[in-house]
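Report on one structure; see the data block that follows.
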Amino acid sequence: MQHGLKSFFAPRGVAIIGASATPNKLSYGILRNMTLYGYQGQIAPVNPKADQILGLKCYPDITSVPDPLDLAVIVLPAPAIPATLEACGQRGIRAVIIISGGFKEVGEQGAALERQILEIASRYQMRLIGPNCVGTLDLYSGLNTTFIQGVPERGGIGFISQSGAVGGGVVDYIRDKFIGFANFASLGNEADITETDVIEYLSEEEHTRVIAVYVEMIRDGQRFMQAARRVTPQKPIVLLKAGRTGAGARAVSSHTGSLAGSHAAYRAAFQQSGVIEAQTVSDLFDISMALAHQPLPQGNRVAIITNAGGPAALLSDSLAENGLQIADLEEHTRSALRGRLNPAAQVANPIDMLGGAEPPEYEFALQQALADPNVDAAVVILVPQALVNPLEVAEKIIHVSGSRQKPVLTCFMGEWSVQQARQRLHSSGIPMYVFPEIPGRVLGAMLQYARWRQQSEFEAAQFNEFDRAAAAQILGQAGGQEALGEAQTRPLFEAYGIPLVAGQAAHSPEEAAEAARRLGFPVALKIISPDILHKSDFGGIRLNLNDPQEVRTAYQEMMESIANRLPQARLEGVLVERMADKGQEVIIGMRRDPNFGPLIMFGLGGVYVELFGDVSFRVAPLTRREALDMIHQTHAGKLLSGFRGEEPYDLQAVVDVILRLSQLALDFPQIAEMEINPLRVFRQGALALDGRIILS
């Protein structure tokens, strides 16, 4: 599984090709960093114009560097890279980091150069990180191929960043925060090695306890999800995705297309594969540190120990917003607290010991809270006071929490007076935050991950009773059409076992009246036109027609009215459908995401779906549980489940339609968008009343 990536983090020898003796050159910074942090392997600068740099023997070319040599770091102008890479391949090097820029990020000429180096690497079975990256570091082997100044503390976080600037900024930021890294990789353009490759490597790397990732785009979404599903049951992945609010390349030909913004597929994929999505860079590492060192909560009940009411109130709000609650302490716990704390202290939770609380009071209160069976986690708040030493409070917290199997987080508000306390707490694996809303977000993420680990193994739903050959024939007959209206989607849905309202096409008033007689009144008429997808927008639907004459009249009026409004539209007849019984209307749709594939949507149906936006998304393939979860995530799901004591609707029928539509999307990549709107759901069963398909 590791794909030979160990050489990027713990090689036996490293060559720095393009090493410079000039201190303001990037290659000089890389070479200096290689000497500073305890790396024990061979360090070989390659520069034909120098004998030595920083006391290290210099070699004129890569072929002159003796063994052992596992990794080459190239810092040369982009045009020189292909020949250099060829020489590395001939030398037998199978791991190369290309720091240099000047590739696809600068335009087509650079992109062509990037394709060339990828071809060379493939020919020599060589793996590449970069180009246009910052490099890698490993806090346990001492390797540092970056030009970043300084390194983090040694710890359990493996950090992957597509952006070198973000990676470098993070490393600099956390240096004095005492947040420990195991390793770091900047991936740049990802010509070869991607975040998924490094996630797979770190999943087996012994020092990495949690994987933190910053991404701007995931190219192979399905592979990422498969890897994440394998990794997250053992190690948490915390990920920050840039570009969450961009509209992206959004389709507008269906409700699904217009509602599925650029981030919908990412959000769904993370949820389905156990990835914890962070909202800020700060959250990325606040959450990662807690997951790296603290036990997971077994429930959502939290005890707050504090010396100030205001911060406790802010924390309480944050807990509620993140799915947690204030624990109801047992009377035994409250009684013990009353016996030892200030008589004016509040002991019901939050445990407010008031401003003069001393370190021994913090110790006792935390002991009692963690011993209470109604408490799943504890947060300790300290607002620094003139007579209370934060470091002594930190020591008491470390002493108590070390023997417990419940997570303990701390909030020491401030900066100047709590630096020593932060260092001591972080070195003991207890996260310290400076603002009270942060522990709520962190505990919410920890609880989310704990619940994910309790879920059963992924197993996509399977269907046998559908006719793929019939569906392929129908799509083949569509020829060069861009869109299929309801008349053409009906047989396609029928081939995949999706239940349909009874209907028949008609091409004249008399045919429509005869079809209505066979189907049974009342009926609806719907225009058939390849040029009209949203029929209701142009008067293309007539409902509740109760006799043949009404049908004939409605047919003629509809044709005349639409012809006047859309003289260029091709009008091919009508679809006559029996009026369905009353029920709850929902929408089920699909938009093919360029990175993740079929993105399935569920929500409140009918003409108001875009107005209310009550929708949820998942990436196909789905399990039955995931389909049910996406229903329950919406207000429509609450209505289906029996709102205010009403008899529930047939949720399993909806799940079945979701899964069948997903299978149809997986089987036919030429379907770009598809939706059933509405699907009318009954107490037993469901019927698709309308549908459309957009072809790529």
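By convention here, the chains of the structure tokens are called A, B, ... in the order presented, each chain's residues are numbered starting at 1, and ligands are numbered starting at 1 in the order presented.
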- prompt: Near segment 625-634 of chain A, counting only C-alpha atoms, which residues have an atom at most 10 Å away, once you skip same-chain residues fewer than 5 positions from it, shown as number ranges by chain?
  reply: A: 268, 271-272, 455-456, 458-461, 586, 600-604, 613-620, 639-641, 651-652, 654-659
task: as JSON, numbers by chain, list the residues of segment 369-454 of chain A assigned to alpha helix (DSSP H) by DSSP on the backbone atoms of this structure.
output: {"A": [369, 370, 371, 390, 391, 392, 393, 394, 395, 396, 397, 398, 399, 400, 401, 419, 420, 421, 422, 423, 424, 425, 426, 427, 437, 438, 439, 440, 441, 442, 443, 444, 445, 446, 447, 448, 449, 450, 451, 452, 453]}
- prompt: Looking at A:Gly274, A:Gly41, A:Gly158, A:Gly168, which one is nearest to Phe184 of chain A, with distances taken over only C-alpha atoms?
  reply: A:Gly158
- prompt: Do you know which residues are at most 7 Å from segment 135-137 of chain A counting only C-alpha atoms, after dropping those on the same chain fewer than 5 positions away, and could you put them as a ChimeraX atom specification?
  reply: /A:8-9,97,99,143-146,183-186
Output N, CA and C atoms of each residue in that selection to a file, as a short mmCIF file (atom, residue, chain, number, x, y, z; two decimals), in the first residue's frame.
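The resulting file, again-v6.cif, is shown below:
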```
data_model
loop_
_atom_site.label_atom_id
_atom_site.label_comp_id
_atom_site.auth_asym_id
_atom_site.auth_seq_id
_atom_site.Cartn_x
_atom_site.Cartn_y
_atom_site.Cartn_z
N PHE A 8 10.80 9.18 0.69
CA PHE A 8 10.54 10.62 0.77
C PHE A 8 10.60 11.14 2.20
N PHE A 9 10.65 10.22 3.17
CA PHE A 9 10.62 10.63 4.58
C PHE A 9 11.79 10.06 5.39
N ILE A 97 12.07 14.67 -5.52
CA ILE A 97 11.27 15.86 -5.18
C ILE A 97 11.73 16.99 -6.09
N ILE A 99 11.45 20.75 -6.49
CA ILE A 99 11.07 21.99 -5.81
C ILE A 99 10.70 23.07 -6.83
N LEU A 143 14.94 14.15 8.54
CA LEU A 143 14.96 14.66 7.17
C LEU A 143 14.22 15.99 7.08
N ASN A 144 14.82 16.95 6.34
CA ASN A 144 14.15 18.22 6.08
C ASN A 144 14.60 18.72 4.71
N THR A 145 13.80 18.42 3.68
CA THR A 145 14.14 18.86 2.33
C THR A 145 13.47 20.18 1.98
N THR A 146 12.93 20.87 2.97
CA THR A 146 12.26 22.15 2.73
C THR A 146 13.24 23.30 2.94
N ASN A 183 5.47 14.26 10.55
CA ASN A 183 6.03 14.49 9.23
C ASN A 183 5.19 15.53 8.49
N PHE A 184 5.72 15.96 7.35
CA PHE A 184 5.05 16.99 6.55
C PHE A 184 5.42 16.77 5.09
N ALA A 185 4.44 16.95 4.19
CA ALA A 185 4.71 16.84 2.76
C ALA A 185 3.96 17.94 2.03
N SER A 186 4.70 18.72 1.24
CA SER A 186 4.10 19.70 0.33
C SER A 186 4.09 19.07 -1.06
#
```
task: Find the residue from A:Gly155, A:Gly55, A:Pro77, A:Gly13 that sits nearest to Ala95 of chain A; use only C-alpha atoms when measuring.
output: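 Of the candidates, the smallest distance to Ala95 of chain A is held by A:Gly13.
Using only C-alpha atoms for every distance, the candidate list A:Asn349, A:Ser161, A:Ser288, A:Asn374 yields A:Ser288 as the residue closest to Thr208 of chain A.
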field: Leu139 of chain A surroundings by only C-alpha atoms, 6 Å radius, close-in-sequence under 2 positions cut, as a ChimeraX atom specification
entry: /A:141-142,154,182-183
Could those selected residues go to a file with N, CA and C atoms, as a PDB file, in the first residue's frame?
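Saved file out08.pdb follows:
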```
ATOM      1  N   SER A 141      13.090  10.900  11.525  1.00  0.00           N
ATOM      2  CA  SER A 141      14.329  10.582  10.816  1.00  0.00           C
ATOM      3  C   SER A 141      15.256  11.790  10.758  1.00  0.00           C
ATOM      4  N   GLY A 142      14.710  12.990  11.005  1.00  0.00           N
ATOM      5  CA  GLY A 142      15.503  14.214  10.926  1.00  0.00           C
ATOM      6  C   GLY A 142      15.578  14.797   9.528  1.00  0.00           C
ATOM      7  N   ARG A 154       8.277  17.547  17.849  1.00  0.00           N
ATOM      8  CA  ARG A 154       8.031  16.164  17.442  1.00  0.00           C
ATOM      9  C   ARG A 154       6.734  15.675  18.071  1.00  0.00           C
ATOM     10  N   ALA A 182       4.653  14.571  13.153  1.00  0.00           N
ATOM     11  CA  ALA A 182       5.478  13.418  12.819  1.00  0.00           C
ATOM     12  C   ALA A 182       6.186  13.664  11.502  1.00  0.00           C
ATOM     13  N   ASN A 183       5.465  14.262  10.549  1.00  0.00           N
ATOM     14  CA  ASN A 183       6.029  14.489   9.228  1.00  0.00           C
ATOM     15  C   ASN A 183       5.190  15.534   8.488  1.00  0.00           C
TER      16      ASN A 183
END
```
- prompt: Taking into account only C-alpha atoms, which residue in the set A:Glu486, A:Ala112, A:Glu675, A:Val383 is nearest to Glu415 of chain A?
  reply: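 Of A:Glu486, A:Ala112, A:Glu675, A:Val383, the one nearest Glu415 of chain A is A:Val383, counting only C-alpha atoms.
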I need the residues of segment 596-647 of chain A that end up classed as strand (DSSP E or B) by DSSP on the backbone, written out as an mmCIF file with C-alpha atoms, in the first residue's frame.
```cif
data_model
loop_
_atom_site.group_PDB
_atom_site.id
_atom_site.type_symbol
_atom_site.label_atom_id
_atom_site.label_comp_id
_atom_site.auth_asym_id
_atom_site.auth_seq_id
_atom_site.Cartn_x
_atom_site.Cartn_y
_atom_site.Cartn_z
ATOM 1 C CA GLY A 597 -18.624 10.948 -10.256
ATOM 2 C CA PRO A 598 -22.389 10.602 -9.634
ATOM 3 C CA LEU A 599 -23.545 13.027 -6.932
ATOM 4 C CA ILE A 600 -26.998 12.012 -5.710
ATOM 5 C CA MET A 601 -29.465 14.583 -4.342
ATOM 6 C CA PHE A 602 -32.558 14.165 -2.179
ATOM 7 C CA GLY A 603 -34.909 16.869 -0.939
ATOM 8 C CA LEU A 604 -38.297 18.522 -0.852
ATOM 9 C CA VAL A 615 -31.572 19.055 -0.075
ATOM 10 C CA SER A 616 -28.805 16.653 0.897
ATOM 11 C CA PHE A 617 -26.125 14.985 -1.213
ATOM 12 C CA ARG A 618 -24.186 11.721 -1.323
ATOM 13 C CA VAL A 619 -21.670 10.266 -3.777
#
```
Applying 10 Å and only C-alpha atoms, which residues near segment 514-517 of chain A remain after dropping the ones on its own chain fewer than 5 positions away? List them as a compact mmCIF listing (two decimals) with C-alpha atoms, in the first residue's frame.
```txt
# COMPACT_ATOMS: atom_id res chain seq x y z
CA GLY A 503 -49.03 6.79 -18.55
CA GLN A 504 -49.10 6.67 -22.35
CA ALA A 505 -47.94 8.97 -25.17
CA ALA A 506 -50.54 10.49 -27.51
CA SER A 508 -53.63 13.87 -31.32
CA PRO A 509 -56.67 14.93 -29.29
CA PRO A 522 -58.85 11.72 -13.71
CA VAL A 523 -55.71 12.21 -15.83
CA ALA A 524 -52.98 14.76 -16.49
CA LEU A 525 -51.59 15.92 -19.85
CA LEU A 545 -59.07 16.15 -16.45
CA ASN A 546 -62.20 14.10 -15.81
CA ASP A 547 -63.69 13.11 -19.18
CA PRO A 548 -62.68 12.65 -22.85
CA VAL A 551 -58.83 15.89 -22.53
CA ARG A 552 -59.42 16.85 -26.18
CA LEU A 575 -48.02 12.27 -22.24
CA VAL A 576 -51.30 11.16 -20.67
CA GLU A 577 -50.89 10.05 -17.08
CA ARG A 578 -53.34 8.90 -14.48
```
message: For Asp328 of chain A, find every residue with an atom within 9 Å (counting only C-alpha atoms), except residues of its own chain fewer than 5 positions away, and show them as a list in words.
response: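 Selected residues are Arg301, Val302, Ala303, Ala348, Asn349, Asn374 and Val375 of chain A.
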field: Nearest to Arg570 of chain A, chosen from A:Gly645, A:Gly583, A:Pro530, A:Gly539, with only C-alpha atoms counted in the distances
entry: A:Pro530
message: What's around Ile532 of chain A at 9 Å? Count only C-alpha atoms, leave out sequence neighbours fewer than 5 positions away in its own chain, and write the answer as a list in words.
response: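 The residues that qualify are Gly485, Ile527, Asp537, Phe538, Gly540, Ala569, Arg570 and Leu571 of chain A.
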field: Between atom CA of His293 of chain A and atom CA of Ile430 of chain A, distance in Å (one decimal)
entry: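 Between these atoms lies a distance of 7.1 Å.
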message: Could you tell me how far atom CA of Val46 of chain A sits from atom CA of Leu26 of chain A, in Å to one decimal place?
response: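 Computing the Euclidean distance for atom CA of Leu26 of chain A and atom CA of Val46 of chain A yields 14.2 Å.
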Residues of segment 168-223 of chain A that have any atom at most 7 Å from an atom of segment 124-129 of chain A: could you tabulate them with the shortest-distance atom pair and the distance in Å to one decimal, using only C-alpha atoms, ordered by chain and increasing number, as a tab-separated table?
```
residue	atom	partner	partner_atom	distance
A:Leu187	CA	A:Ile129	CA	5.7
A:Glu190	CA	A:Ile129	CA	6.6
A:Asp192	CA	A:Leu128	CA	5.5
A:Ile193	CA	A:Ile129	CA	5.6
```
field: Which residue of A:Leu492, A:Ala265, A:Val388, A:Val231 approaches Arg453 of chain A most closely, using only C-alpha atoms
entry: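 Looking only at the distances to Arg453 of chain A, the closest residue turns out to be A:Val231.
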